[in-house]
Structure formats: structure tokens, C-alpha cells
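*Asks:* This is the structure, below, for whatever I ask next.
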Amino acid sequence: MTLDETDRRILNALQDGFPITSHPFEQAGREFGLSEDELLTRLGAMKEARIITRFGPFFDAAAMGGAFCLCAMAIPPESFDAVVEQVNAHPEVAHNYERTHHLNMWFVLATETEDEIGTVAAKIEEETGHPVLCFPKLQEFFVRFRVAA
């Protein structure tokens, strides 16, 4: 898939915000001269082509009373795909990435309470047979990450 100028405008603009209305795709589409269906079709095509991997909000679990924790695991390469499926089966898991390091699997746990971090990590250890290292947040830094399309 090749991005046209409208796709680039959509990607650049929607990184900065999305309307919170009863028909947000309709309102956003108007800003690009598109109907709601046309915008949804373009976003779906970009997702299908893996130009974008997800389209949705990021919630601050801590601000809502929940908790986040960065976790890492050392998984033998021959087991990596199977373990990734086990880990990703937990709804609390987000942002799971493979790294070229002894600790080659890194993911974030987002739970409703601080105590659930340990509970979910223990379940993952039990299911996979591999230790989960938990790195709780000590200080938060806001980094405005934006990719120009």
C-alpha cells in the first residue's frame, strides 16, 4: 500500500487528538473532506497493510486508580512464539516486544489495582515456566512521541 496525501494528513492529524463526540469518525472525516465510511475504510486499509498497528486510545491506568508495570522475560528462541501467545492471552498485557538481549521479551502489565501486578506476573510464570521480572515505575516522564507520515 502506498500512502497518498490524504492518508498522510489523516495520520499526522489523528496523532494529535480525536474528537470525543457521538460520531467521532464522521466529525474527523469532515476535516479531511471524507465521509465517515471513507475515513474508516482508509484506517482499515492502513491497519491491514500494517502501516498502523492499532487505532485507539491509551488510557492512564494509574490515573483511574489502576497500575502499570514494565516486565521482562528471558525466553529461549525456540520457545519464543509459544510463550508470546501465552503471555498475550492475558488481557492485562500490552506493548509486548521482542528485543535482542538476554531479556528478550518486554511487555507492560496494566491492572485495576497495584496488587494485581504480582498476581498476573505469577500466573504468567506458572503458565510459561519462565520468571517474570517486574520493573515498577519510579517516576513518570511525558515524551511526546509523534511520527510524521
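By order in the C-alpha cells, chains are A, B, ...; within a chain, residues start at 1; ligands start at 1, following the order shown.
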Please return, as a VMD selection string, all residues of chain A that DSSP assigns to strand (DSSP E) on the basis of the backbone.
*Replies:* chain A and resid 67 to 73 93 to 98 105 to 111 133 to 136
*Asks:* Counting only C-alpha atoms, what is within 12 Å of Thr128 of chain A, bar same-chain residues fewer than 2 positions away, as a PDB file with N, CA and C atoms, in the first residue's frame?
*Replies:*
ATOM      1  N   MET A  73      11.194 -10.882  30.343  1.00  0.00           N
ATOM      2  CA  MET A  73      11.424 -12.317  30.491  1.00  0.00           C
ATOM      3  C   MET A  73      12.575 -12.725  29.576  1.00  0.00           C
ATOM      4  N   ALA A  74      13.296 -13.753  29.983  1.00  0.00           N
ATOM      5  CA  ALA A  74      14.338 -14.359  29.146  1.00  0.00           C
ATOM      6  C   ALA A  74      13.762 -15.663  28.604  1.00  0.00           C
ATOM      7  N   ILE A  75      13.481 -15.683  27.302  1.00  0.00           N
ATOM      8  CA  ILE A  75      12.806 -16.828  26.685  1.00  0.00           C
ATOM      9  C   ILE A  75      13.735 -17.449  25.632  1.00  0.00           C
ATOM     10  N   PRO A  76      13.947 -18.750  25.696  1.00  0.00           N
ATOM     11  CA  PRO A  76      14.762 -19.386  24.648  1.00  0.00           C
ATOM     12  C   PRO A  76      14.120 -19.141  23.281  1.00  0.00           C
ATOM     13  N   SER A  79      11.315 -21.271  21.971  1.00  0.00           N
ATOM     14  CA  SER A  79      10.043 -21.218  22.705  1.00  0.00           C
ATOM     15  C   SER A  79       9.345 -19.873  22.585  1.00  0.00           C
ATOM     16  N   PHE A  80      10.001 -18.898  21.961  1.00  0.00           N
ATOM     17  CA  PHE A  80       9.515 -17.527  21.998  1.00  0.00           C
ATOM     18  C   PHE A  80       8.076 -17.399  21.495  1.00  0.00           C
ATOM     19  N   ASP A  81       7.774 -17.939  20.322  1.00  0.00           N
ATOM     20  CA  ASP A  81       6.431 -17.776  19.754  1.00  0.00           C
ATOM     21  C   ASP A  81       5.351 -18.383  20.646  1.00  0.00           C
ATOM     22  N   ALA A  82       5.627 -19.546  21.212  1.00  0.00           N
ATOM     23  CA  ALA A  82       4.643 -20.191  22.086  1.00  0.00           C
ATOM     24  C   ALA A  82       4.430 -19.377  23.362  1.00  0.00           C
ATOM     25  N   VAL A  83       5.515 -18.862  23.930  1.00  0.00           N
ATOM     26  CA  VAL A  83       5.408 -18.079  25.158  1.00  0.00           C
ATOM     27  C   VAL A  83       4.710 -16.749  24.886  1.00  0.00           C
ATOM     28  N   VAL A  84       4.994 -16.137  23.738  1.00  0.00           N
ATOM     29  CA  VAL A  84       4.323 -14.877  23.382  1.00  0.00           C
ATOM     30  C   VAL A  84       2.810 -15.090  23.354  1.00  0.00           C
ATOM     31  N   GLU A  85       2.358 -16.196  22.825  1.00  0.00           N
ATOM     32  CA  GLU A  85       0.919 -16.474  22.791  1.00  0.00           C
ATOM     33  C   GLU A  85       0.353 -16.618  24.205  1.00  0.00           C
ATOM     34  N   GLN A  86       1.092 -17.306  25.069  1.00  0.00           N
ATOM     35  CA  GLN A  86       0.633 -17.474  26.450  1.00  0.00           C
ATOM     36  C   GLN A  86       0.565 -16.126  27.170  1.00  0.00           C
ATOM     37  N   VAL A  87       1.601 -15.325  27.013  1.00  0.00           N
ATOM     38  CA  VAL A  87       1.649 -14.025  27.679  1.00  0.00           C
ATOM     39  C   VAL A  87       0.547 -13.110  27.141  1.00  0.00           C
ATOM     40  N   ASN A  88       0.435 -13.036  25.817  1.00  0.00           N
ATOM     41  CA  ASN A  88      -0.538 -12.133  25.196  1.00  0.00           C
ATOM     42  C   ASN A  88      -1.987 -12.567  25.422  1.00  0.00           C
ATOM     43  N   ALA A  89      -2.198 -13.781  25.884  1.00  0.00           N
ATOM     44  CA  ALA A  89      -3.562 -14.242  26.181  1.00  0.00           C
ATOM     45  C   ALA A  89      -4.137 -13.531  27.405  1.00  0.00           C
ATOM     46  N   ALA A 121       1.636 -11.479  37.063  1.00  0.00           N
ATOM     47  CA  ALA A 121       3.013 -11.916  36.798  1.00  0.00           C
ATOM     48  C   ALA A 121       3.216 -13.349  37.273  1.00  0.00           C
ATOM     49  N   ALA A 122       2.682 -13.688  38.439  1.00  0.00           N
ATOM     50  CA  ALA A 122       2.811 -15.055  38.969  1.00  0.00           C
ATOM     51  C   ALA A 122       2.085 -16.061  38.081  1.00  0.00           C
ATOM     52  N   LYS A 123       0.912 -15.688  37.560  1.00  0.00           N
ATOM     53  CA  LYS A 123       0.178 -16.582  36.643  1.00  0.00           C
ATOM     54  C   LYS A 123       0.996 -16.834  35.380  1.00  0.00           C
ATOM     55  N   ILE A 124       1.595 -15.766  34.846  1.00  0.00           N
ATOM     56  CA  ILE A 124       2.399 -15.908  33.623  1.00  0.00           C
ATOM     57  C   ILE A 124       3.600 -16.811  33.894  1.00  0.00           C
ATOM     58  N   GLU A 125       4.245 -16.641  35.039  1.00  0.00           N
ATOM     59  CA  GLU A 125       5.373 -17.510  35.394  1.00  0.00           C
ATOM     60  C   GLU A 125       4.934 -18.962  35.482  1.00  0.00           C
ATOM     61  N   GLU A 126       3.795 -19.198  36.132  1.00  0.00           N
ATOM     62  CA  GLU A 126       3.290 -20.563  36.296  1.00  0.00           C
ATOM     63  C   GLU A 126       2.950 -21.193  34.941  1.00  0.00           C
ATOM     64  N   HIS A 130       8.709 -19.645  33.050  1.00  0.00           N
ATOM     65  CA  HIS A 130       9.817 -18.684  32.981  1.00  0.00           C
ATOM     66  C   HIS A 130       9.545 -17.531  33.940  1.00  0.00           C
ATOM     67  N   PRO A 131      10.585 -17.088  34.663  1.00  0.00           N
ATOM     68  CA  PRO A 131      10.402 -15.954  35.581  1.00  0.00           C
ATOM     69  C   PRO A 131      10.017 -14.665  34.861  1.00  0.00           C
ATOM     70  N   VAL A 132       9.171 -13.882  35.519  1.00  0.00           N
ATOM     71  CA  VAL A 132       8.796 -12.550  35.038  1.00  0.00           C
ATOM     72  C   VAL A 132       9.481 -11.546  35.955  1.00  0.00           C
TER      73      VAL A 132
END
*Asks:* Looking at A:Cys69, A:Leu11, A:Ala63, A:Met1, which one is nearest to Arg50 of chain A, with distances taken over only C-alpha atoms?
*Replies:* A:Met1
*Asks:* Write out as a list in words each polymer residue whose atoms come within 9 Å of segment 39-49 of chain A, counting only C-alpha atoms; drop sequence neighbours fewer than 2 positions from it.
*Replies:*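 Contacts, in chain order: Met1, Leu3, Asp7, Ile10, Leu11, Phe25, Glu26, Ala28, Gly29, Phe32, Leu34, Ser35, Glu36, Asp37, Ile51, Ile52, Thr53, Arg54 and Phe55 of chain A.
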*Asks:* Return as a ChimeraX atom specification the full set of residues in chain A whose backbone-based DSSP assignment is alpha helix (DSSP H).
*Replies:* /A:5-14,24-31,36-48,80-88,114-128
*Asks:* For atom CA of Gly66 of chain A and atom CA of Glu116 of chain A, quote the distance in Å rounded to one decimal.
*Replies:*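 Atom CA of Glu116 of chain A lies 9.1 Å from atom CA of Gly66 of chain A.
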*Asks:* Using only C-alpha atoms, can you tell me which of A:Leu70, A:Ala110, A:Met105, A:Arg99 comes closest to Lys137 of chain A?
*Replies:*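 The answer is A:Leu70, which sits nearest to Lys137 of chain A.
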*Asks:* Which residue out of A:Ala149, A:Leu14, A:Val120, A:Ala72 has the minimum interatomic distance to Leu103 of chain A when only C-alpha atoms are used?
*Replies:*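 The closest residue to Leu103 of chain A is A:Ala72.
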*Asks:* Of the candidates A:Leu109, A:Phe141, A:Ile20, A:Pro57, which shows the shortest atom-to-atom distance to Glu92 of chain A, using only C-alpha atoms?
*Replies:*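 That would be A:Leu109, the residue with the smallest distance to Glu92 of chain A.
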*Asks:* Record the distance separating atom CA of Thr6 of chain A and atom CA of Arg144 of chain A, expressed in Å with one decimal.
*Replies:*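 Value for the atom CA of Thr6 of chain A-atom CA of Arg144 of chain A distance: 23.2 Å.
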*Asks:* Which residue, A:Pro91, A:Gly56, A:Pro136, A:Pro77, has the smallest gap to Phe18 of chain A when you use only C-alpha atoms?
*Replies:* A:Gly56
